[in-house]
file structure-v3.csv (CSV, C-alpha atoms and all ligand atoms)
chain,number,residue,atom,x,y,z
M,567,MET,CA,123.1,57.3,166.1
M,568,PHE,CA,123.5,54.8,163.3
M,569,ALA,CA,120.5,56.3,161.4
M,570,LEU,CA,122.0,59.8,161.8
M,571,LYS,CA,125.3,58.6,160.3
M,572,ARG,CA,123.5,57.0,157.4
M,573,VAL,CA,121.5,60.2,156.7
M,574,LEU,CA,124.7,62.3,156.8
M,575,ARG,CA,126.5,59.9,154.5
M,576,THR,CA,123.7,59.9,151.9
M,577,SER,CA,123.0,63.7,152.1
M,578,ILE,CA,126.6,64.9,151.8
M,579,PRO,CA,127.0,63.9,148.1
M,580,SER,CA,123.7,65.6,147.3
M,581,LEU,CA,124.8,68.8,149.1
M,582,LYS,CA,128.0,68.7,147.0
M,583,ARG,CA,125.8,68.5,143.9
M,584,ILE,CA,123.7,71.5,145.0
M,585,GLY,CA,127.0,73.4,145.5
M,586,SER,CA,128.0,72.7,142.0
M,587,ILE,CA,124.8,74.0,140.5
M,588,LEU,CA,124.6,77.2,142.6
M,589,PRO,CA,126.9,79.2,140.2
M,590,ILE,CA,124.5,78.3,137.4
M,591,ILE,CA,121.4,79.3,139.3
M,592,SER,CA,123.0,82.7,140.3
M,593,TYR,CA,124.1,83.3,136.7
M,594,PHE,CA,120.4,83.1,135.6
M,595,SER,CA,119.1,85.1,138.5
M,596,VAL,CA,121.4,88.1,138.0
M,597,LYS,CA,119.3,91.2,137.5
M,598,LYS,CA,119.8,92.6,134.0
M,599,PRO,CA,120.3,96.3,133.5
M,600,THR,CA,117.2,98.3,132.9
M,601,VAL,CA,116.2,101.8,131.6
M,602,SER,CA,113.0,103.8,132.1
M,603,VAL,CA,110.8,104.7,129.2
M,604,ASN,CA,107.5,106.6,128.9
M,605,PHE,CA,104.6,105.3,126.9
M,606,ILE,CA,102.2,108.1,125.9
M,607,THR,CA,98.7,106.9,125.3
M,608,SER,CA,96.4,108.4,122.7
M,609,GLU,CA,94.6,110.1,125.7
M,610,LYS,CA,98.0,111.8,126.5
M,611,GLU,CA,98.5,109.7,129.6
M,612,LYS,CA,102.2,109.1,130.4
M,613,ILE,CA,102.9,105.6,131.7
M,614,ILE,CA,106.5,105.3,133.0
M,615,VAL,CA,107.9,101.7,132.9
M,616,GLU,CA,111.2,100.0,133.6
M,617,GLY,CA,112.4,97.8,130.8
M,618,GLU,CA,115.3,95.4,130.4
M,619,ILE,CA,118.0,96.4,128.0
M,620,GLY,CA,118.0,94.1,124.9
M,621,LYS,CA,114.3,93.4,124.9
M,622,THR,CA,112.0,94.9,122.3
M,623,ILE,CA,109.7,97.8,123.0
M,624,LEU,CA,106.8,95.5,122.2
M,625,GLN,CA,108.0,93.0,124.9
M,626,ILE,CA,108.3,95.8,127.4
M,627,ALA,CA,104.9,97.1,126.6
M,628,HIS,CA,103.3,93.6,127.0
M,629,GLU,CA,105.2,93.0,130.3
M,630,ASN,CA,103.7,96.3,131.6
M,631,LYS,CA,100.2,95.8,130.2
M,632,ILE,CA,100.4,98.7,127.8
M,633,GLY,CA,97.7,98.7,125.1
M,634,LEU,CA,100.0,97.8,122.2
M,635,GLU,CA,98.7,94.9,120.2
M,636,GLY,CA,101.5,93.1,118.3
M,637,ALA,CA,99.1,90.7,116.5
M,638,CYS,CA,101.9,88.9,114.5
M,639,GLU,CA,104.1,88.6,117.6
M,640,GLY,CA,107.1,90.3,116.0
M,641,GLY,CA,106.7,88.8,112.5
M,642,VAL,CA,106.9,92.3,110.9
M,643,ALA,CA,103.6,91.5,109.1
M,644,CYS,CA,100.7,93.2,110.9
M,645,GLY,CA,101.8,96.8,111.8
M,646,THR,CA,99.7,96.8,115.0
M,647,CYS,CA,102.8,97.5,117.1
M,648,HIS,CA,103.2,100.9,115.4
M,649,VAL,CA,104.7,103.5,117.7
M,650,ILE,CA,106.0,107.0,117.2
M,651,PHE,CA,109.2,108.4,118.7
M,652,GLU,CA,110.2,112.0,119.3
M,653,GLU,CA,112.8,113.1,116.7
M,654,SER,CA,115.7,113.3,119.2
M,655,MET,CA,115.2,109.7,120.2
M,656,PHE,CA,114.3,108.5,116.7
M,657,LYS,CA,117.8,109.5,115.6
M,658,LYS,CA,119.4,107.3,118.3
M,659,LEU,CA,117.7,104.1,117.0
M,660,LYS,CA,119.3,101.6,114.6
M,661,PRO,CA,117.8,102.2,111.2
M,662,PRO,CA,114.8,100.0,110.2
M,663,THR,CA,115.3,97.1,107.9
M,664,GLN,CA,113.8,97.1,104.4
M,665,ARG,CA,111.2,94.7,105.7
M,666,GLU,CA,110.2,97.0,108.5
M,667,GLU,CA,110.0,99.9,106.2
M,668,ASP,CA,107.8,97.9,103.8
M,669,THR,CA,105.4,97.1,106.6
M,670,LEU,CA,105.4,100.7,107.9
M,671,ASP,CA,104.4,101.8,104.3
M,672,LEU,CA,101.1,100.0,104.9
M,673,VAL,CA,100.5,101.3,108.4
M,674,PHE,CA,97.7,103.7,109.1
M,675,ASN,CA,98.7,107.3,109.9
M,676,VAL,CA,102.5,106.7,109.6
M,677,GLN,CA,104.8,109.5,110.7
M,678,PRO,CA,108.4,110.3,109.8
M,679,THR,CA,109.5,109.0,113.2
M,680,SER,CA,107.3,105.9,113.2
M,681,ARG,CA,108.7,102.5,114.0
M,682,LEU,CA,107.5,99.0,114.7
M,683,ALA,CA,107.8,98.3,118.4
M,684,CYS,CA,108.7,94.7,117.7
M,685,GLN,CA,111.8,95.7,115.8
M,686,VAL,CA,113.2,98.3,118.2
M,687,LEU,CA,115.5,97.0,121.0
M,688,LEU,CA,115.7,98.9,124.2
M,689,THR,CA,119.1,100.4,124.7
M,690,LYS,CA,120.7,102.7,127.3
M,691,GLU,CA,120.4,105.6,124.9
M,692,LEU,CA,116.6,105.4,125.1
M,693,GLU,CA,116.5,106.4,128.8
M,694,ASN,CA,113.4,108.5,129.4
M,695,ALA,CA,112.3,108.2,125.7
M,696,ASN,CA,108.7,109.1,125.0
M,697,ILE,CA,107.1,106.3,123.0
M,698,ILE,CA,103.8,107.6,121.5
M,699,LEU,CA,101.0,105.2,120.9
M,700,PRO,CA,98.9,106.1,117.8
M,701,LYS,CA,95.2,106.8,118.1
M,702,SER,CA,94.5,103.6,116.2
M,703,THR,CA,96.1,100.8,114.3
M,704,ARG,CA,95.0,98.6,111.5
M,705,ASN,CA,96.0,94.9,111.2
M,706,ILE,CA,97.3,94.5,107.7
M,707,TYR,CA,97.8,90.8,108.1
M,708,VAL,CA,94.5,89.5,109.4
M,709,GLY,CA,94.3,85.7,109.4
M,710,GLY,CA,97.4,85.3,107.2
M,711,ALA,CA,95.8,87.2,104.3
M,712,LYS,CA,98.3,89.3,102.3
M,713,PRO,CA,97.2,92.8,101.4
M,714,LYS,CA,96.4,93.1,97.7
M,715,ILE,CA,97.5,96.0,95.5
M,716,HIS,CA,94.6,97.7,93.8
W,801,LIG,S1,104.0,92.7,116.0
W,801,LIG,FE1,103.3,92.6,114.0
W,801,LIG,S2,104.6,94.0,113.0
W,801,LIG,FE2,105.2,94.1,115.0
call {"tool": "encode", "arguments": {"input": "structure-v3.csv", "output": "structure tokens", "more": "lines below"}}
Ligand code: FES
result
Amino acid sequence: MFALKRVLRTSIPSLKRIGSILPIISYFSVKKPTVSVNFITSEKEKIIVEGEIGKTILQIAHENKIGLEGACEGGVACGTCHVIFEESMFKKLKPPTQREEDTLDLVFNVQPTSRLACQVLLTKELENANIILPKSTRNIYVGGAKPKIH
């Protein structure tokens, strides 16, 4: 009986501590809103994925093992995250920065609705967007080398 009282006495303060961190734990475990987007591979295969709003298209592609490289990991330097949007969805995107446009200028087979997936954030407006993966990409920033103008 004495031992039980001692256990209860020592464990009650720790239970109070757990109670005080529960709101913090539940804050971080709240499921964030998501939308569904379609990646269209170069073989015309449609891969439907669910992505968290606020993440980049590149992050969502990597989380779902979509074959989109992203060699500079969002540094806007390589162009290997090149994707093409349908015009209706392209119009809903925030315009590219000058830096993104400069990198897109060097991307292979760029289209009027091309974007860098590392620079496009997933929003509610992109629900059911078709994100087309180009047939090939070229890393314009291999090993830190800067492309030279000829
Ligand atoms: S990951 Fe390199 S430009 Fe987007």
call {"tool": "residues_near_ligand", "arguments": {"input": "structure-v3.csv", "ligand": "ligand LIG 801 (chain W)", "cutoff": "9 Å", "atoms": "all atoms listed in the file", "output": "ChimeraX atom specification"}}
result
/M:624,634-648,666,669-670,682-685,705-707
call {"tool": "atom_distance", "arguments": {"input": "structure-v3.csv", "atom1": "atom CA of M:Pro678", "atom2": "atom CA of M:Val601"}}
result
24.7 Å
call {"tool": "closest_residue", "arguments": {"input": "structure-v3.csv", "among": "M:Val596, M:Val603, M:Ile697, M:Ile619", "to": "M:Glu653", "atoms": "all atoms listed in the file"}}
result
M:Ile697
call {"tool": "residues_around", "arguments": {"input": "structure-v3.csv", "residues": "M:Asn604", "least_positions_apart": "6", "cutoff": "10 Å", "atoms": "all atoms listed in the file", "output": "list of chain:residue names"}}
result
M:Glu611, M:Lys612, M:Ile613, M:Ile614, M:Val615, M:Glu616, M:Leu692, M:Glu693, M:Asn694, M:Ala695, M:Asn696, M:Ile697, M:Ile698
call {"tool": "residues_around", "arguments": {"input": "structure-v3.csv", "residues": "M:Ser702", "least_positions_apart": "3", "cutoff": "9 Å", "atoms": "all atoms listed in the file", "output": "PyMOL selection string"}}
result
chain M and resi 608+646+674-675+699
call {"tool": "closest_residue", "arguments": {"input": "structure-v3.csv", "among": "M:Gly633, M:Ser680, M:Val686, M:Glu691", "to": "M:Met655", "atoms": "only C-alpha atoms"}}
result
M:Glu691
call {"tool": "atom_distance", "arguments": {"input": "structure-v3.csv", "atom1": "atom CA of M:Pro661", "atom2": "atom CA of M:Leu688"}}
result
13.6 Å
call {"tool": "decode", "arguments": {"input": "structure-v3.csv", "residues": "stretch 628-653 of chain M", "atoms": "N, CA and C atoms", "output": "tab-separated table (two decimals), in the first residue's frame"}}
result
chain	number	residue	atom	x	y	z
M	628	HIS	N	7.62	14.37	-55.32
M	628	HIS	CA	8.58	13.51	-54.62
M	628	HIS	C	7.89	12.64	-53.56
M	629	GLU	N	6.93	13.22	-52.84
M	629	GLU	CA	6.22	12.44	-51.83
M	629	GLU	C	5.46	11.26	-52.44
M	630	ASN	N	5.09	11.41	-53.71
M	630	ASN	CA	4.31	10.37	-54.39
M	630	ASN	C	5.13	9.59	-55.41
M	631	LYS	N	6.45	9.74	-55.33
M	631	LYS	CA	7.38	8.98	-56.19
M	631	LYS	C	7.11	9.18	-57.69
M	632	ILE	N	6.77	10.43	-58.04
M	632	ILE	CA	6.59	10.80	-59.45
M	632	ILE	C	7.99	11.09	-60.02
M	633	GLY	N	8.23	10.68	-61.23
M	633	GLY	CA	9.55	10.84	-61.85
M	633	GLY	C	9.84	12.27	-62.27
M	634	LEU	N	10.01	13.14	-61.30
M	634	LEU	CA	10.35	14.55	-61.55
M	634	LEU	C	11.61	14.82	-60.74
M	635	GLU	N	12.70	15.22	-61.43
M	635	GLU	CA	14.00	15.20	-60.76
M	635	GLU	C	14.18	16.27	-59.67
M	636	GLY	N	14.27	17.52	-60.03
M	636	GLY	CA	14.51	18.56	-59.02
M	636	GLY	C	15.93	18.53	-58.48
M	637	ALA	N	16.91	18.53	-59.38
M	637	ALA	CA	18.32	18.32	-59.00
M	637	ALA	C	18.87	19.39	-58.06
M	638	CYS	N	18.43	20.62	-58.18
M	638	CYS	CA	18.96	21.69	-57.31
M	638	CYS	C	18.09	21.88	-56.07
M	639	GLU	N	17.13	20.99	-55.88
M	639	GLU	CA	16.26	20.98	-54.69
M	639	GLU	C	15.57	22.32	-54.44
M	640	GLY	N	15.06	22.90	-55.49
M	640	GLY	CA	14.30	24.14	-55.35
M	640	GLY	C	15.14	25.40	-55.45
M	641	GLY	N	16.35	25.28	-55.88
M	641	GLY	CA	17.25	26.44	-55.98
M	641	GLY	C	17.06	27.27	-57.23
M	642	VAL	N	16.10	26.92	-58.06
M	642	VAL	CA	15.78	27.63	-59.31
M	642	VAL	C	17.02	27.70	-60.22
M	643	ALA	N	17.82	26.65	-60.23
M	643	ALA	CA	19.06	26.68	-60.98
M	643	ALA	C	19.19	25.58	-62.02
M	644	CYS	N	18.43	24.48	-61.89
M	644	CYS	CA	18.70	23.33	-62.76
M	644	CYS	C	17.68	23.15	-63.87
M	645	GLY	N	16.44	23.49	-63.66
M	645	GLY	CA	15.40	23.32	-64.67
M	645	GLY	C	14.89	21.89	-64.79
M	646	THR	N	15.37	20.97	-63.96
M	646	THR	CA	14.93	19.57	-64.09
M	646	THR	C	13.54	19.33	-63.49
M	647	CYS	N	12.97	20.36	-62.90
M	647	CYS	CA	11.60	20.22	-62.35
M	647	CYS	C	10.59	20.84	-63.31
M	648	HIS	N	10.98	21.02	-64.56
M	648	HIS	CA	10.11	21.62	-65.58
M	648	HIS	C	8.82	20.81	-65.73
M	649	VAL	N	7.69	21.50	-65.64
M	649	VAL	CA	6.38	20.89	-65.88
M	649	VAL	C	5.56	21.83	-66.75
M	650	ILE	N	4.55	21.28	-67.37
M	650	ILE	CA	3.69	22.07	-68.26
M	650	ILE	C	2.25	21.98	-67.74
M	651	PHE	N	1.60	23.13	-67.64
M	651	PHE	CA	0.21	23.18	-67.20
M	651	PHE	C	-0.71	23.38	-68.39
M	652	GLU	N	-1.95	22.97	-68.25
M	652	GLU	CA	-2.95	23.33	-69.25
M	652	GLU	C	-3.24	24.81	-69.06
M	653	GLU	N	-3.61	25.47	-70.16
M	653	GLU	CA	-3.75	26.93	-70.13
M	653	GLU	C	-4.72	27.42	-69.05
